[in-house]
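S.K.: So I've got this file, query_28.cif, and it contains mmCIF, C-alpha atoms:
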```cif
data_query
loop_
_atom_site.group_PDB
_atom_site.id
_atom_site.type_symbol
_atom_site.label_atom_id
_atom_site.label_comp_id
_atom_site.auth_asym_id
_atom_site.auth_seq_id
_atom_site.Cartn_x
_atom_site.Cartn_y
_atom_site.Cartn_z
ATOM 1 C CA MET A 707 -13.324 14.856 22.761
ATOM 2 C CA ASP A 708 -13.358 11.451 21.115
ATOM 3 C CA SER A 709 -9.600 10.924 20.827
ATOM 4 C CA PHE A 710 -6.331 11.912 22.474
ATOM 5 C CA ASN A 711 -2.842 12.245 21.001
ATOM 6 C CA PRO A 712 0.263 13.493 22.778
ATOM 7 C CA PHE A 713 2.776 14.969 20.353
ATOM 8 C CA VAL A 714 5.812 17.218 20.084
ATOM 9 C CA ALA A 715 4.795 20.499 18.477
ATOM 10 C CA ALA A 716 6.911 22.083 15.756
ATOM 11 C CA GLU A 717 6.229 25.534 17.217
ATOM 12 C CA THR A 718 7.556 24.761 20.719
ATOM 13 C CA SER A 719 9.509 21.472 20.572
ATOM 14 C CA ARG A 720 7.510 20.551 23.680
ATOM 15 C CA VAL A 721 4.910 17.894 24.407
ATOM 16 C CA HIS A 722 1.263 18.869 23.898
ATOM 17 C CA MET A 723 -2.073 17.051 23.607
ATOM 18 C CA ALA A 724 -4.613 17.204 20.783
ATOM 19 C CA SER A 725 -7.630 15.315 19.517
ATOM 20 C CA LEU A 726 -6.542 13.539 16.347
ATOM 21 C CA ARG A 727 -7.887 10.410 14.671
ATOM 22 C CA ILE A 728 -6.384 8.163 12.013
ATOM 23 C CA VAL A 729 -3.119 10.101 12.068
ATOM 24 C CA GLY A 730 -0.630 7.240 12.159
ATOM 25 C CA LEU A 731 -0.535 6.682 8.411
ATOM 26 C CA ALA A 732 -0.546 10.398 7.683
ATOM 27 C CA ALA A 733 2.486 10.856 9.919
ATOM 28 C CA ALA A 734 4.232 7.878 8.312
ATOM 29 C CA ASN A 735 3.672 9.438 4.882
ATOM 30 C CA GLY A 736 5.159 12.748 5.998
ATOM 31 C CA LYS A 737 1.929 14.726 5.709
ATOM 32 C CA SER A 738 1.529 17.934 7.676
ATOM 33 C CA ILE A 739 -0.814 17.547 10.656
ATOM 34 C CA SER A 740 -2.284 20.450 12.628
ATOM 35 C CA ALA A 741 -4.798 20.409 15.468
ATOM 36 C CA TYR A 742 -6.298 22.373 18.330
ATOM 37 C CA GLU A 743 -4.397 21.864 21.556
ATOM 38 C CA ILE A 744 -6.082 20.095 24.472
ATOM 39 C CA LEU A 745 -5.391 21.612 27.878
ATOM 40 C CA GLY A 746 -5.012 18.713 30.292
ATOM 41 C CA SER A 747 -4.221 15.033 29.876
ATOM 42 C CA ALA A 748 -5.930 11.932 28.574
ATOM 43 C CA LEU A 749 -6.630 10.796 32.148
ATOM 44 C CA ASP A 750 -8.109 14.142 33.221
ATOM 45 C CA PRO A 751 -11.895 14.360 32.714
ATOM 46 C CA ALA A 752 -11.680 18.161 32.983
ATOM 47 C CA SER A 753 -9.455 18.457 29.889
ATOM 48 C CA GLN A 754 -10.680 21.011 27.353
ATOM 49 C CA VAL A 755 -9.955 21.894 23.746
ATOM 50 C CA SER A 756 -8.372 25.315 23.330
ATOM 51 C CA LYS A 757 -8.370 27.612 20.301
ATOM 52 C CA LYS A 758 -4.597 27.284 19.865
ATOM 53 C CA VAL A 759 -3.539 25.456 16.697
ATOM 54 C CA LEU A 760 -0.254 23.541 16.745
ATOM 55 C CA THR A 761 1.642 21.523 14.133
ATOM 56 C CA VAL A 762 2.614 17.942 14.869
ATOM 57 C CA LYS A 763 6.375 17.409 14.715
ATOM 58 C CA GLN A 764 6.403 13.935 16.272
ATOM 59 C CA LEU A 765 3.640 11.605 17.463
ATOM 60 C CA LEU A 766 4.216 10.043 20.888
ATOM 61 C CA THR A 767 2.752 7.043 22.671
ATOM 62 C CA PRO A 768 -0.862 7.790 23.682
ATOM 63 C CA LEU A 769 0.099 7.616 27.371
ATOM 64 C CA SER A 770 3.431 8.513 28.931
ATOM 65 C CA GLY A 771 5.469 6.161 31.072
ATOM 66 C CA ASP A 772 4.331 8.074 34.153
ATOM 67 C CA GLU A 773 0.657 7.712 33.219
ATOM 68 C CA ILE A 774 0.755 3.971 32.520
ATOM 69 C CA LYS A 775 0.367 2.083 35.804
ATOM 70 C CA VAL A 776 0.529 -1.549 34.663
ATOM 71 C CA VAL A 777 0.779 -3.290 31.285
ATOM 72 C CA ARG A 778 -1.300 -6.470 31.318
ATOM 73 C CA CYS A 779 -1.523 -8.777 28.315
ATOM 74 C CA LEU A 780 -3.663 -11.745 27.351
ATOM 75 C CA GLY A 781 -2.137 -14.635 25.446
ATOM 76 C CA LEU A 782 -3.954 -17.062 23.171
ATOM 77 C CA ASN A 783 -7.199 -15.083 23.297
ATOM 78 C CA TYR A 784 -8.464 -15.598 19.732
ATOM 79 C CA SER A 785 -10.024 -18.894 18.702
ATOM 80 C CA ASP A 786 -8.504 -18.775 15.205
ATOM 81 C CA HIS A 787 -5.013 -18.050 16.606
ATOM 82 C CA ALA A 788 -5.272 -20.943 19.073
ATOM 83 C CA ALA A 789 -6.261 -23.211 16.181
ATOM 84 C CA GLU A 790 -3.370 -22.145 13.929
ATOM 85 C CA ALA A 791 -0.913 -22.658 16.815
ATOM 86 C CA LYS A 792 -2.439 -26.090 17.479
ATOM 87 C CA MET A 793 -3.061 -25.141 21.098
ATOM 88 C CA ALA A 794 -6.182 -25.798 23.140
ATOM 89 C CA ALA A 795 -8.338 -22.759 23.842
ATOM 90 C CA PRO A 796 -7.677 -21.698 27.467
ATOM 91 C CA LYS A 797 -10.374 -22.138 30.099
ATOM 92 C CA PHE A 798 -9.231 -18.952 31.846
ATOM 93 C CA PRO A 799 -7.475 -15.846 30.508
ATOM 94 C CA VAL A 800 -3.719 -16.385 30.075
ATOM 95 C CA LEU A 801 -2.119 -13.348 31.701
ATOM 96 C CA PHE A 802 1.392 -11.937 31.474
ATOM 97 C CA TYR A 803 2.918 -8.540 32.203
ATOM 98 C CA LYS A 804 5.293 -6.165 30.413
ATOM 99 C CA PRO A 805 7.477 -3.348 31.736
ATOM 100 C CA THR A 806 6.777 0.126 30.398
ATOM 101 C CA THR A 807 10.335 0.151 28.988
ATOM 102 C CA SER A 808 9.089 -2.201 26.264
ATOM 103 C CA LEU A 809 6.703 0.446 24.895
ATOM 104 C CA ILE A 810 7.443 2.739 21.951
ATOM 105 C CA GLY A 811 5.354 5.142 19.917
ATOM 106 C CA PRO A 812 4.410 5.598 16.265
ATOM 107 C CA LEU A 813 7.322 5.531 13.787
ATOM 108 C CA ALA A 814 9.878 4.541 16.447
ATOM 109 C CA PRO A 815 11.960 1.505 15.424
ATOM 110 C CA VAL A 816 11.364 -1.877 17.028
ATOM 111 C CA THR A 817 14.776 -3.090 18.203
ATOM 112 C CA ILE A 818 15.606 -6.796 18.113
ATOM 113 C CA PRO A 819 18.079 -7.156 21.015
ATOM 114 C CA ARG A 820 21.244 -9.219 20.803
ATOM 115 C CA VAL A 821 19.730 -11.829 23.125
ATOM 116 C CA ALA A 822 17.067 -12.502 20.447
ATOM 117 C CA GLN A 823 19.439 -12.720 17.466
ATOM 118 C CA PRO A 824 19.760 -14.096 14.896
ATOM 119 C CA PRO A 825 16.073 -13.513 14.029
ATOM 120 C CA LYS A 826 15.841 -16.690 11.950
ATOM 121 C CA GLU A 827 16.704 -18.770 14.997
ATOM 122 C CA ASN A 828 14.772 -16.733 17.561
ATOM 123 C CA LEU A 829 11.687 -16.243 15.354
ATOM 124 C CA SER A 830 10.876 -12.600 16.062
ATOM 125 C CA ASP A 831 7.171 -12.204 15.382
ATOM 126 C CA TYR A 832 4.387 -9.589 15.076
ATOM 127 C CA GLU A 833 0.990 -9.471 16.822
ATOM 128 C CA VAL A 834 -1.628 -6.784 16.171
ATOM 129 C CA GLU A 835 -3.662 -6.161 19.341
ATOM 130 C CA PHE A 836 -6.767 -4.236 20.415
ATOM 131 C CA THR A 837 -5.866 -2.518 23.674
ATOM 132 C CA ILE A 838 -7.975 -1.371 26.634
ATOM 133 C CA VAL A 839 -7.151 1.733 28.698
ATOM 134 C CA ILE A 840 -8.709 1.785 32.172
ATOM 135 C CA GLY A 841 -10.130 5.169 33.216
ATOM 136 C CA LYS A 842 -11.136 4.752 36.862
ATOM 137 C CA PRO A 843 -10.285 2.306 39.660
ATOM 138 C CA ALA A 844 -11.870 -1.064 38.932
ATOM 139 C CA ARG A 845 -12.087 -3.832 41.544
ATOM 140 C CA ASP A 846 -14.476 -6.798 41.585
ATOM 141 C CA VAL A 847 -16.260 -5.385 38.545
ATOM 142 C CA SER A 848 -19.129 -7.311 36.993
ATOM 143 C CA GLU A 849 -19.260 -8.106 33.295
ATOM 144 C CA ALA A 850 -22.400 -5.971 33.028
ATOM 145 C CA ASP A 851 -20.593 -2.895 34.366
ATOM 146 C CA ALA A 852 -17.116 -3.563 32.933
ATOM 147 C CA LEU A 853 -17.249 -1.093 30.042
ATOM 148 C CA ASP A 854 -18.044 1.744 32.463
ATOM 149 C CA TYR A 855 -14.415 1.546 33.623
ATOM 150 C CA VAL A 856 -12.882 1.913 30.160
ATOM 151 C CA LEU A 857 -11.468 5.327 29.325
ATOM 152 C CA ALA A 858 -10.444 4.540 25.766
ATOM 153 C CA TYR A 859 -9.033 1.987 23.345
ATOM 154 C CA THR A 860 -5.846 1.991 21.315
ATOM 155 C CA GLY A 861 -3.709 -0.344 19.219
ATOM 156 C CA ALA A 862 -0.507 -2.268 19.862
ATOM 157 C CA ASN A 863 1.983 -4.599 18.200
ATOM 158 C CA ASP A 864 3.108 -7.236 20.698
ATOM 159 C CA ILE A 865 6.458 -8.193 19.179
ATOM 160 C CA SER A 866 7.304 -11.694 20.389
ATOM 161 C CA PHE A 867 10.424 -13.838 20.284
ATOM 162 C CA ARG A 868 9.194 -17.405 19.946
ATOM 163 C CA LYS A 869 12.373 -19.308 20.835
ATOM 164 C CA HIS A 870 12.464 -17.717 24.279
ATOM 165 C CA GLN A 871 8.670 -17.794 24.608
ATOM 166 C CA LEU A 872 8.221 -21.488 23.873
ATOM 167 C CA ALA A 873 11.208 -22.586 25.956
ATOM 168 C CA VAL A 874 9.372 -21.881 29.238
ATOM 169 C CA SER A 875 5.828 -21.664 30.588
ATOM 170 C CA GLN A 876 6.066 -17.979 31.548
ATOM 171 C CA TRP A 877 6.084 -15.517 28.638
ATOM 172 C CA GLY A 878 7.168 -12.327 30.421
ATOM 173 C CA PHE A 879 10.868 -12.524 29.498
ATOM 174 C CA SER A 880 10.306 -13.140 25.792
ATOM 175 C CA LYS A 881 7.810 -10.291 25.435
ATOM 176 C CA SER A 882 9.440 -7.637 27.623
ATOM 177 C CA PHE A 883 12.594 -6.520 25.824
ATOM 178 C CA ASP A 884 13.225 -2.775 25.600
ATOM 179 C CA ASN A 885 11.646 -0.908 22.671
ATOM 180 C CA THR A 886 9.735 -3.867 21.270
ATOM 181 C CA ASN A 887 6.056 -2.984 21.784
ATOM 182 C CA PRO A 888 4.587 -0.211 19.627
ATOM 183 C CA LEU A 889 1.516 1.432 21.197
ATOM 184 C CA GLY A 890 -0.956 3.822 19.534
ATOM 185 C CA PRO A 891 -1.284 5.780 17.375
ATOM 186 C CA CYS A 892 -4.038 7.431 19.443
ATOM 187 C CA LEU A 893 -6.578 6.842 22.181
ATOM 188 C CA VAL A 894 -10.173 6.664 20.999
ATOM 189 C CA ALA A 895 -12.763 7.351 23.693
ATOM 190 C CA ALA A 896 -14.756 4.322 24.808
ATOM 191 C CA SER A 897 -17.970 6.178 23.931
ATOM 192 C CA SER A 898 -16.869 6.193 20.277
ATOM 193 C CA ILE A 899 -16.549 2.390 20.248
ATOM 194 C CA PRO A 900 -19.781 1.253 21.938
ATOM 195 C CA ASP A 901 -19.264 -2.396 20.962
ATOM 196 C CA PRO A 902 -15.601 -3.412 21.319
ATOM 197 C CA GLN A 903 -16.404 -6.841 19.887
ATOM 198 C CA LYS A 904 -16.945 -5.426 16.389
ATOM 199 C CA VAL A 905 -13.486 -3.968 15.765
ATOM 200 C CA PRO A 906 -11.447 -5.154 12.755
ATOM 201 C CA LEU A 907 -7.653 -5.328 12.938
ATOM 202 C CA LYS A 908 -4.841 -6.048 10.467
ATOM 203 C CA CYS A 909 -1.084 -6.455 10.380
ATOM 204 C CA THR A 910 0.959 -5.773 7.243
ATOM 205 C CA ILE A 911 4.624 -6.702 6.802
ATOM 206 C CA ASN A 912 6.543 -5.165 3.883
ATOM 207 C CA GLY A 913 3.269 -4.427 2.116
ATOM 208 C CA ALA A 914 1.728 -7.914 2.503
ATOM 209 C CA VAL A 915 -1.266 -8.439 4.790
ATOM 210 C CA MET A 916 -0.445 -11.150 7.342
ATOM 211 C CA GLN A 917 -3.284 -10.765 9.833
ATOM 212 C CA ASP A 918 -6.861 -9.772 9.046
ATOM 213 C CA GLY A 919 -9.158 -10.435 11.971
ATOM 214 C CA SER A 920 -11.841 -9.100 14.272
ATOM 215 C CA THR A 921 -12.314 -8.780 18.013
ATOM 216 C CA ALA A 922 -15.476 -10.827 17.472
ATOM 217 C CA ASP A 923 -13.198 -13.904 17.550
ATOM 218 C CA GLN A 924 -11.874 -13.214 21.054
ATOM 219 C CA ILE A 925 -12.239 -16.135 23.453
ATOM 220 C CA PHE A 926 -12.612 -13.755 26.404
ATOM 221 C CA ASN A 927 -14.276 -10.540 25.336
ATOM 222 C CA VAL A 928 -13.541 -7.097 26.766
ATOM 223 C CA ARG A 929 -16.265 -7.314 29.430
ATOM 224 C CA GLN A 930 -15.110 -10.757 30.554
ATOM 225 C CA THR A 931 -11.456 -9.692 30.571
ATOM 226 C CA ILE A 932 -12.021 -6.669 32.817
ATOM 227 C CA ALA A 933 -14.300 -8.607 35.162
ATOM 228 C CA PHE A 934 -11.804 -11.464 35.478
ATOM 229 C CA LEU A 935 -8.693 -9.322 35.973
ATOM 230 C CA SER A 936 -10.402 -7.060 38.541
ATOM 231 C CA GLN A 937 -11.233 -9.933 40.885
ATOM 232 C CA GLY A 938 -9.549 -8.988 44.160
ATOM 233 C CA THR A 939 -7.242 -6.658 42.217
ATOM 234 C CA THR A 940 -7.605 -2.935 41.581
ATOM 235 C CA LEU A 941 -7.074 -1.968 37.955
ATOM 236 C CA GLN A 942 -5.764 1.582 38.298
ATOM 237 C CA PRO A 943 -6.516 4.449 35.909
ATOM 238 C CA GLY A 944 -3.901 4.395 33.186
ATOM 239 C CA SER A 945 -3.541 0.626 33.266
ATOM 240 C CA ILE A 946 -3.557 -0.899 29.792
ATOM 241 C CA ILE A 947 -4.626 -4.375 28.718
ATOM 242 C CA LEU A 948 -3.496 -5.915 25.425
ATOM 243 C CA THR A 949 -6.229 -8.384 24.510
ATOM 244 C CA GLY A 950 -4.477 -10.914 22.270
ATOM 245 C CA THR A 951 -3.978 -11.363 18.537
ATOM 246 C CA PRO A 952 -5.883 -13.053 15.688
ATOM 247 C CA LYS A 953 -4.513 -15.699 13.334
ATOM 248 C CA GLY A 954 -1.749 -15.051 10.839
ATOM 249 C CA VAL A 955 1.348 -14.853 13.037
ATOM 250 C CA GLY A 956 4.674 -15.707 11.460
ATOM 251 C CA PHE A 957 6.056 -18.617 13.453
ATOM 252 C CA VAL A 958 3.264 -21.020 12.444
ATOM 253 C CA LYS A 959 3.729 -20.445 8.715
ATOM 254 C CA SER A 960 5.633 -22.898 6.517
ATOM 255 C CA PRO A 961 8.373 -21.869 6.228
ATOM 256 C CA PRO A 962 8.199 -19.607 9.310
ATOM 257 C CA LEU A 963 8.115 -15.869 8.701
ATOM 258 C CA TYR A 964 10.280 -13.823 11.067
ATOM 259 C CA LEU A 965 10.990 -10.127 11.492
ATOM 260 C CA LYS A 966 14.470 -8.917 10.569
ATOM 261 C CA ASP A 967 16.461 -5.739 10.142
ATOM 262 C CA GLY A 968 14.879 -3.465 7.537
ATOM 263 C CA ASP A 969 11.357 -4.899 7.687
ATOM 264 C CA LYS A 970 8.476 -2.436 7.651
ATOM 265 C CA MET A 971 5.433 -3.165 9.805
ATOM 266 C CA SER A 972 2.044 -1.533 10.081
ATOM 267 C CA VAL A 973 -0.822 -2.602 12.305
ATOM 268 C CA TRP A 974 -4.266 -1.136 11.758
ATOM 269 C CA VAL A 975 -7.084 -1.170 14.302
ATOM 270 C CA GLY A 976 -10.590 -0.036 13.383
ATOM 271 C CA GLY A 977 -12.972 2.206 15.282
ATOM 272 C CA GLY A 978 -10.931 5.266 14.343
ATOM 273 C CA ILE A 979 -7.764 4.100 16.125
ATOM 274 C CA GLY A 980 -5.806 3.945 12.891
ATOM 275 C CA THR A 981 -2.423 2.674 11.751
ATOM 276 C CA LEU A 982 0.714 2.159 13.814
ATOM 277 C CA VAL A 983 3.805 2.126 11.584
ATOM 278 C CA ASN A 984 7.219 0.905 12.790
ATOM 279 C CA ASP A 985 10.393 -0.352 11.139
ATOM 280 C CA VAL A 986 12.541 -3.180 12.483
ATOM 281 C CA VAL A 987 16.219 -2.831 13.365
ATOM 282 C CA GLU A 988 18.650 -5.299 14.892
ATOM 283 C CA GLU A 989 20.709 -4.118 17.828
ATOM 284 C CA GLY A 990 24.308 -3.725 16.781
ATOM 285 C CA ALA A 991 23.550 -3.902 13.049
ATOM 286 C CA LYS A 992 25.538 -1.509 10.877
ATOM 287 C CA ALA A 993 23.587 1.255 9.234
ATOM 288 C CA LYS A 994 22.789 0.578 5.581
ATOM 289 C CA LEU A 995 24.108 3.195 3.167
#
```
Using structure tokens, write down the structure that the file contains.
M.R.:
Amino acid sequence: MDSFNPFVAAETSRVHMASLRIVGLAAANGKSISAYEILGSALDPASQVSKKVLTVKQLLTPLSGDEIKVVRCLGLNYSDHAAEAKMAAPKFPVLFYKPTTSLIGPLAPVTIPRVAQPPKENLSDYEVEFTIVIGKPARDVSEADALDYVLAYTGANDISFRKHQLAVSQWGFSKSFDNTNPLGPCLVAASSIPDPQKVPLKCTINGAVMQDGSTADQIFNVRQTIAFLSQGTTLQPGSIILTGTPKGVGFVKSPPLYLKDGDKMSVWVGGGIGTLVNDVVEEGAKAKL
């Protein structure tokens, strides 16, 4: 199996697992999606494909809240993004954490909370990210062996609120609000992406491409990231690592571009991961008729 997708099946209204690739855009366009059910979970090496065909009713996050152990994130990890933000490239990985309550799946709305409104003042922003999923306990791992501990890769959109972020030195608060971090649309097995430094990624807002980069521009590559973060610390199976974003973010533009109620976002990650589509809503905003 080269990919994993949890989903709600139309036949049962229950959660199942299947091997689907590049399904995010198909789901966003309302196309019918069917697949053979996987018996097991993404973290279970004994999982097997059955002969039972199910229809996708709703795509879910690639890992459930119970499966995700820790959400680690790297900031300022692309040389072109550091340059556009007029910030010095870090000498060590810049690490922050998110709660799992920030994560949402494909097609779920990103909610701008009241504390980050109005958007024009708080500068709500998008960040397409290549994301690592750890598959077995990793502690004091060498760069040479680092990829052996990767189960799969997926995509993410690290929605950020720049007013809160830039007001302090710690970024956790500004990047941890509920329902603000799309994840997915699927897990692609590490074996299907043998070189994680050759993965393209894009972010599109309301049909216009804002970010168009490559993991080749990462300051700390995937091997270096895993080796650094595992020093004296066990990275548990199911831990995910967002690895930063390329240039093109909104707050550095002139005038700044910010996310607001009604905006439509899509982030695309290559290697078969696909497109993660999410709309933006503002908490407390009245529904538009």
S.K.: What are the closest atom pairs, with distances in Å to one decimal, for each residue of stretch 771-808 of chain A lying within 12 Å of stretch 929-937 of chain A, using only C-alpha atoms, rows by chain and rising residue number, as CSV?
M.R.:
```
residue,atom,partner,partner_atom,distance
A:Arg778,CA,A:Leu935,CA,9.2
A:Cys779,CA,A:Thr931,CA,10.2
A:Leu780,CA,A:Thr931,CA,8.7
A:Gly781,CA,A:Thr931,CA,11.7
A:Asn783,CA,A:Thr931,CA,10.0
A:Phe798,CA,A:Phe934,CA,8.7
A:Pro799,CA,A:Thr931,CA,7.3
A:Val800,CA,A:Thr931,CA,10.2
A:Leu801,CA,A:Leu935,CA,8.8
A:Phe802,CA,A:Leu935,CA,11.3
```
S.K.: With C-alpha atoms retained, write the just-selected residues as a PDB file, in the frame of the given file.
M.R.:
```pdb
ATOM      1  CA  ARG A 778      -1.300  -6.470  31.318  1.00  0.00           C
ATOM      2  CA  CYS A 779      -1.523  -8.777  28.315  1.00  0.00           C
ATOM      3  CA  LEU A 780      -3.663 -11.745  27.351  1.00  0.00           C
ATOM      4  CA  GLY A 781      -2.137 -14.635  25.446  1.00  0.00           C
ATOM      5  CA  ASN A 783      -7.199 -15.083  23.297  1.00  0.00           C
ATOM      6  CA  PHE A 798      -9.231 -18.952  31.846  1.00  0.00           C
ATOM      7  CA  PRO A 799      -7.475 -15.846  30.508  1.00  0.00           C
ATOM      8  CA  VAL A 800      -3.719 -16.385  30.075  1.00  0.00           C
ATOM      9  CA  LEU A 801      -2.119 -13.348  31.701  1.00  0.00           C
ATOM     10  CA  PHE A 802       1.392 -11.937  31.474  1.00  0.00           C
TER      11      PHE A 802
END
```
S.K.: Hey, what comes out of the PyMOL selection byres ((chain A and resi 774) around 12) on this file? Could you write it as an NGL selection string?
M.R.: :A and (748-749 or 767-773 or 775-778 or 804-807 or 809 or 838-841 or 889 or 941-947)
S.K.: With C-alpha atoms retained, could you export that selection as a compact mmCIF listing (two decimals), in the coordinates of the input?
M.R.:
```txt
# COMPACT_ATOMS: atom_id res chain seq x y z
CA ALA A 748 -5.93 11.93 28.57
CA LEU A 749 -6.63 10.80 32.15
CA THR A 767 2.75 7.04 22.67
CA PRO A 768 -0.86 7.79 23.68
CA LEU A 769 0.10 7.62 27.37
CA SER A 770 3.43 8.51 28.93
CA GLY A 771 5.47 6.16 31.07
CA ASP A 772 4.33 8.07 34.15
CA GLU A 773 0.66 7.71 33.22
CA LYS A 775 0.37 2.08 35.80
CA VAL A 776 0.53 -1.55 34.66
CA VAL A 777 0.78 -3.29 31.28
CA ARG A 778 -1.30 -6.47 31.32
CA LYS A 804 5.29 -6.16 30.41
CA PRO A 805 7.48 -3.35 31.74
CA THR A 806 6.78 0.13 30.40
CA THR A 807 10.34 0.15 28.99
CA LEU A 809 6.70 0.45 24.90
CA ILE A 838 -7.98 -1.37 26.63
CA VAL A 839 -7.15 1.73 28.70
CA ILE A 840 -8.71 1.78 32.17
CA GLY A 841 -10.13 5.17 33.22
CA LEU A 889 1.52 1.43 21.20
CA LEU A 941 -7.07 -1.97 37.96
CA GLN A 942 -5.76 1.58 38.30
CA PRO A 943 -6.52 4.45 35.91
CA GLY A 944 -3.90 4.39 33.19
CA SER A 945 -3.54 0.63 33.27
CA ILE A 946 -3.56 -0.90 29.79
CA ILE A 947 -4.63 -4.38 28.72
```
S.K.: Just checking: using all atoms listed in the file, which residue out of A:Lys881, A:Arg727, A:Lys970, A:Lys904 ends up closest to A:Ala922?
M.R.: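 Among A:Lys881, A:Arg727, A:Lys970, A:Lys904, it is A:Lys904 that comes nearest to A:Ala922.
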S.K.: Given the file shown, determine the residues that the PyMOL selection byres ((chain A and resi 975) around 9) selects; report them as a PyMOL selection string.
M.R.: chain A and resi 834-836+860-862+905-909+973-974+976-982
S.K.: Suppose you want the space between atom CA of A:Val729 and atom CA of A:Leu948; what is it in Å?
M.R.: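 About the pair atom CA of A:Val729 and atom CA of A:Leu948: they are 20.9 Å apart.
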S.K.: Determine the residue set returned by the PyMOL selection byres ((chain A and resi 985) around 10) for the present structure, and present it as a PDB file with C-alpha atoms, keeping the file's coordinate frame.
M.R.:
```
ATOM      1  CA  PRO A 812       4.410   5.598  16.265  1.00  0.00           C
ATOM      2  CA  LEU A 813       7.322   5.531  13.787  1.00  0.00           C
ATOM      3  CA  ALA A 814       9.878   4.541  16.447  1.00  0.00           C
ATOM      4  CA  PRO A 815      11.960   1.505  15.424  1.00  0.00           C
ATOM      5  CA  VAL A 816      11.364  -1.877  17.028  1.00  0.00           C
ATOM      6  CA  THR A 817      14.776  -3.090  18.203  1.00  0.00           C
ATOM      7  CA  ILE A 911       4.624  -6.702   6.802  1.00  0.00           C
ATOM      8  CA  ASN A 912       6.543  -5.165   3.883  1.00  0.00           C
ATOM      9  CA  LEU A 965      10.990 -10.127  11.492  1.00  0.00           C
ATOM     10  CA  LYS A 966      14.470  -8.917  10.569  1.00  0.00           C
ATOM     11  CA  ASP A 967      16.461  -5.739  10.142  1.00  0.00           C
ATOM     12  CA  GLY A 968      14.879  -3.465   7.537  1.00  0.00           C
ATOM     13  CA  ASP A 969      11.357  -4.899   7.687  1.00  0.00           C
ATOM     14  CA  LYS A 970       8.476  -2.436   7.651  1.00  0.00           C
ATOM     15  CA  MET A 971       5.433  -3.165   9.805  1.00  0.00           C
ATOM     16  CA  SER A 972       2.044  -1.533  10.081  1.00  0.00           C
ATOM     17  CA  VAL A 983       3.805   2.126  11.584  1.00  0.00           C
ATOM     18  CA  ASN A 984       7.219   0.905  12.790  1.00  0.00           C
ATOM     19  CA  VAL A 986      12.541  -3.180  12.483  1.00  0.00           C
ATOM     20  CA  VAL A 987      16.219  -2.831  13.365  1.00  0.00           C
TER      21      VAL A 987
END
```
S.K.: Quick one: distance from atom CA of A:Val856 to atom CA of A:Pro843 in Å, one decimal?
M.R.: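 Result for atom CA of A:Val856 versus atom CA of A:Pro843: 9.9 Å, one decimal.
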S.K.: So the first atom is atom CA of A:Leu765 and the second is atom CA of A:Gly890; what is the distance between them in Å, to one decimal place?
M.R.: 9.3 Å
S.K.: Kindly provide, as a compact mmCIF listing (two decimals) with C-alpha atoms, in the frame of the given file, the polymer residues lying within 10 Å of (-12.6, 10.0, 31.3), counting all atoms listed in the file and using the coordinates exactly as they appear in the file.
M.R.:
```
# COMPACT_ATOMS: atom_id res chain seq x y z
CA MET A 707 -13.32 14.86 22.76
CA SER A 747 -4.22 15.03 29.88
CA ALA A 748 -5.93 11.93 28.57
CA LEU A 749 -6.63 10.80 32.15
CA ASP A 750 -8.11 14.14 33.22
CA PRO A 751 -11.90 14.36 32.71
CA ALA A 752 -11.68 18.16 32.98
CA SER A 753 -9.46 18.46 29.89
CA ILE A 840 -8.71 1.78 32.17
CA GLY A 841 -10.13 5.17 33.22
CA LYS A 842 -11.14 4.75 36.86
CA ASP A 854 -18.04 1.74 32.46
CA TYR A 855 -14.42 1.55 33.62
CA VAL A 856 -12.88 1.91 30.16
CA LEU A 857 -11.47 5.33 29.32
CA ALA A 858 -10.44 4.54 25.77
CA ALA A 895 -12.76 7.35 23.69
CA ALA A 896 -14.76 4.32 24.81
CA SER A 897 -17.97 6.18 23.93
CA PRO A 943 -6.52 4.45 35.91
```
S.K.: When you look at A:Gly956 with a cut-off of 10 Å (counting all atoms listed in the file), what residues show up, excluding the ones that are within fewer than 4 positions of it in the same chain? I need them as a list in words.
M.R.: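 Surrounding residues, per the criterion: Leu829, Ser830, Asp831, Tyr832, Glu833, Arg868, Met916, Gln917, Ser960, Pro961, Pro962, Leu963, Tyr964 and Leu965 of chain A.
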S.K.: Neighbours of A:Ile744 within 10 Å (only C-alpha atoms; same-chain residues fewer than 3 positions away dropped), as a short mmCIF file (atom, residue, chain, number, x, y, z; two decimals) with C-alpha atoms, keeping the file's coordinate frame?
M.R.:
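Wrote it out as part-v4.cif, contents follow:
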```cif
data_model
loop_
_atom_site.label_atom_id
_atom_site.label_comp_id
_atom_site.auth_asym_id
_atom_site.auth_seq_id
_atom_site.Cartn_x
_atom_site.Cartn_y
_atom_site.Cartn_z
CA MET A 707 -13.32 14.86 22.76
CA PHE A 710 -6.33 11.91 22.47
CA ASN A 711 -2.84 12.24 21.00
CA PRO A 712 0.26 13.49 22.78
CA HIS A 722 1.26 18.87 23.90
CA MET A 723 -2.07 17.05 23.61
CA ALA A 724 -4.61 17.20 20.78
CA SER A 725 -7.63 15.32 19.52
CA ALA A 741 -4.80 20.41 15.47
CA SER A 747 -4.22 15.03 29.88
CA ALA A 748 -5.93 11.93 28.57
CA SER A 753 -9.46 18.46 29.89
CA GLN A 754 -10.68 21.01 27.35
CA VAL A 755 -9.96 21.89 23.75
CA SER A 756 -8.37 25.32 23.33
CA LYS A 757 -8.37 27.61 20.30
CA LYS A 758 -4.60 27.28 19.86
CA VAL A 759 -3.54 25.46 16.70
#
```
